[in-house]
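Q: This is query.cif, which holds mmCIF, C-alpha atoms:
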data_final
loop_
_atom_site.label_atom_id
_atom_site.label_comp_id
_atom_site.auth_asym_id
_atom_site.auth_seq_id
_atom_site.Cartn_x
_atom_site.Cartn_y
_atom_site.Cartn_z
CA MET A 11 23.81 17.70 40.08
CA SER A 12 20.30 16.22 40.37
CA ASN A 13 19.10 18.45 37.51
CA LEU A 14 21.75 16.93 35.25
CA LYS A 15 20.72 13.38 36.25
CA GLY A 16 17.07 14.23 35.58
CA ALA A 17 17.92 15.66 32.16
CA ILE A 18 19.98 12.59 31.27
CA LEU A 19 17.18 10.28 32.44
CA ALA A 20 14.54 12.22 30.46
CA THR A 21 16.74 12.13 27.35
CA ALA A 22 17.33 8.40 27.75
CA ILE A 23 13.60 7.70 28.10
CA PHE A 24 12.85 9.83 25.05
CA VAL A 25 15.47 8.04 22.95
CA ALA A 26 14.51 4.56 24.18
CA VAL A 27 10.70 4.82 24.15
CA VAL A 28 9.20 7.91 22.58
CA PHE A 29 11.40 8.31 19.49
CA PRO A 30 11.00 4.69 18.22
CA PHE A 31 7.23 4.93 18.79
CA LEU A 32 6.99 8.17 16.79
CA LEU A 33 9.20 6.71 14.06
CA MET A 34 7.05 3.57 13.85
CA ILE A 35 3.82 5.59 13.64
CA SER A 36 5.20 7.87 10.92
CA ILE A 37 6.53 4.97 8.82
CA ASP A 38 3.19 3.14 9.10
CA THR A 39 1.21 6.24 8.19
CA PHE A 40 3.40 7.01 5.18
CA GLN A 41 3.32 3.43 3.87
CA GLN A 42 -0.46 3.17 4.32
CA HIS A 43 -0.99 6.46 2.48
CA VAL A 44 1.16 5.34 -0.46
CA PHE A 45 -0.56 1.93 -0.50
CA LEU A 46 -4.04 3.48 -0.63
CA LYS A 47 -2.97 5.82 -3.40
CA VAL A 48 -1.65 2.88 -5.47
CA THR A 49 -4.84 0.86 -4.95
CA GLU A 50 -7.02 3.79 -6.03
CA GLU A 51 -4.95 4.45 -9.15
CA VAL A 52 -4.87 0.81 -10.26
CA THR A 53 -8.61 0.44 -9.65
CA GLU A 54 -9.37 3.53 -11.72
CA LEU A 55 -7.02 2.38 -14.49
CA VAL A 56 -8.73 -1.03 -14.68
CA LYS A 57 -12.11 0.69 -14.80
CA GLU A 58 -10.99 3.07 -17.58
CA GLU A 59 -9.34 0.35 -19.66
CA GLY A 60 -12.26 -2.07 -19.40
CA GLY A 61 -10.23 -4.80 -17.74
CA VAL A 62 -6.62 -5.91 -17.59
CA SER A 63 -5.22 -4.36 -20.76
CA GLU A 64 -1.57 -4.00 -21.84
CA LYS A 65 -1.34 -0.64 -20.06
CA VAL A 66 -2.62 -2.16 -16.80
CA ALA A 67 -0.16 -5.06 -17.15
CA GLN A 68 2.74 -2.62 -17.57
CA VAL A 69 1.73 -0.66 -14.48
CA THR A 70 1.35 -3.80 -12.36
CA ASP A 71 4.72 -5.13 -13.56
CA ARG A 72 6.35 -1.86 -12.47
CA LEU A 73 4.60 -2.05 -9.10
CA ASN A 74 5.63 -5.71 -8.68
CA ARG A 75 9.26 -4.62 -8.95
CA ASN A 76 8.59 -2.16 -6.09
CA GLY A 77 7.30 -4.87 -3.75
CA TYR A 78 3.57 -4.91 -4.51
CA THR A 79 1.75 -8.11 -5.40
CA ILE A 80 -1.33 -7.40 -7.51
CA THR A 81 -3.57 -10.19 -8.82
CA PHE A 82 -6.75 -10.03 -10.90
CA SER A 83 -9.66 -12.47 -10.89
CA LYS A 84 -10.14 -12.22 -14.68
CA PRO A 85 -7.28 -11.66 -17.14
CA GLY A 86 -7.70 -9.50 -20.22
CA THR A 87 -10.49 -7.12 -21.07
CA VAL A 88 -14.00 -8.18 -20.08
CA LYS A 89 -17.55 -7.41 -21.17
CA PHE A 90 -19.70 -4.55 -19.96
CA GLY A 91 -21.09 -5.10 -16.45
CA GLU A 92 -18.66 -7.84 -15.40
CA GLU A 93 -16.85 -7.64 -12.09
CA ILE A 94 -13.10 -7.95 -11.53
CA VAL A 95 -11.68 -8.60 -8.08
CA ILE A 96 -8.25 -7.06 -7.54
CA ARG A 97 -6.11 -8.27 -4.63
CA TYR A 98 -3.23 -6.12 -3.37
CA LYS A 99 -0.41 -7.18 -1.04
CA TYR A 100 2.51 -5.06 0.07
CA ASP A 101 5.31 -5.94 2.51
CA TYR A 102 7.49 -3.25 4.03
CA GLN A 103 10.06 -2.93 6.79
CA ASN A 104 9.06 -1.11 9.96
CA VAL A 105 10.93 -0.39 13.21
CA ARG A 106 9.74 -3.67 14.75
CA GLY A 107 10.10 -5.85 11.64
CA LYS A 108 8.16 -6.67 8.50
CA LYS A 109 4.57 -5.51 8.12
CA ARG A 110 2.04 -6.54 5.48
CA LEU A 111 -0.80 -4.55 3.98
CA ASP A 112 -3.40 -6.77 2.31
CA VAL A 113 -6.66 -5.64 0.72
CA GLN A 114 -8.98 -6.54 -2.13
CA ASP A 115 -11.17 -4.36 -4.29
CA LYS A 116 -14.02 -5.02 -6.71
CA VAL A 117 -14.40 -3.15 -9.97
CA VAL A 118 -17.51 -3.26 -12.15
CA ILE A 119 -16.56 -2.55 -15.76
CA MET A 120 -18.68 0.25 -17.22
CA LYS A 121 -16.90 0.55 -20.56
CA ARG A 122 -17.80 -1.32 -23.70
#
Translate this file's structure into structure tokens.
A:
Amino acid sequence: MSNLKGAILATAIFVAVVFPFLLMISIDTFQQHVFLKVTEEVTELVKEEGGVSEKVAQVTDRLNRNGYTITFSKPGTVKFGEEIVIRYKYDYQNVRGKKRLDVQDKVVIMKR
């Protein structure tokens, strides 16, 4: 009988403590990976386009619909050697509530 009580107690502890912790860690890791991938792709696109072109605006509009907030320090295409600061914000739901990822990136335009 005590083996059954021990198994029930171990299962209850796993369900109450360990499983939510593992779920929280995996959700955070997945969301951070996706967020970093998005920031790299947008940064490279801005660098390739020479600033905030129509293509960049379309991509950021699509990402805004998915919950990202992306702002640029300079609108439109810029001259060679100028710097654009891109700010990214992303809110997502985790096991314990809402979490926010917030980062900024600087891009030096190397295209004429």
Q: Quick one: which residues end up in the PyMOL selection byres ((chain A and resi 34-48) around 12) for this structure, as a PyMOL selection string?
A: chain A and resi 27-33+49-55+69-70+72-74+76-80+98-115
Q: Name all residues at most 7 Å from segment 86-91 of chain A (count all atoms listed in the file; drop same-chain ones fewer than 3 positions away) and give them as a ChimeraX atom specification.
A: /A:60-63,118-122
Q: One decimal, Å: what's the distance from atom CA of Asn13 of chain A over to atom CA of Ala26 of chain A, could you say?
A: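 Atom CA of Ala26 of chain A lies 19.8 Å from atom CA of Asn13 of chain A.
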Q: In Å, with one decimal, what is the gap from atom CA of Arg75 of chain A to atom CA of Glu93 of chain A?
A: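 About the pair atom CA of Arg75 of chain A and atom CA of Glu93 of chain A: they are 26.5 Å apart.
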Q: Report the distance between atom CA of Thr81 of chain A and atom CA of Ile96 of chain A in Å, rounded to one decimal place.
A: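 Spanning atom CA of Thr81 of chain A to atom CA of Ile96 of chain A is a straight-line distance of 5.8 Å.
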Q: Using all atoms listed in the file, can you tell me which of A:Val95, A:Asp71, A:Ser12, A:Val25 comes closest to Val56 of chain A?
A: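 Looking at the shortest contact to Val56 of chain A, the residue is A:Val95.
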Q: Box for segment 107-115 of chain A - axis-aligned, 6 Å on each of the six sides, all listed atoms - centre and size in Å to one decimal, as JSON.
A:
{"center_x": -0.5, "center_y": -5.6, "center_z": 3.7, "size_x": 33.3, "size_y": 14.4, "size_z": 27.9}
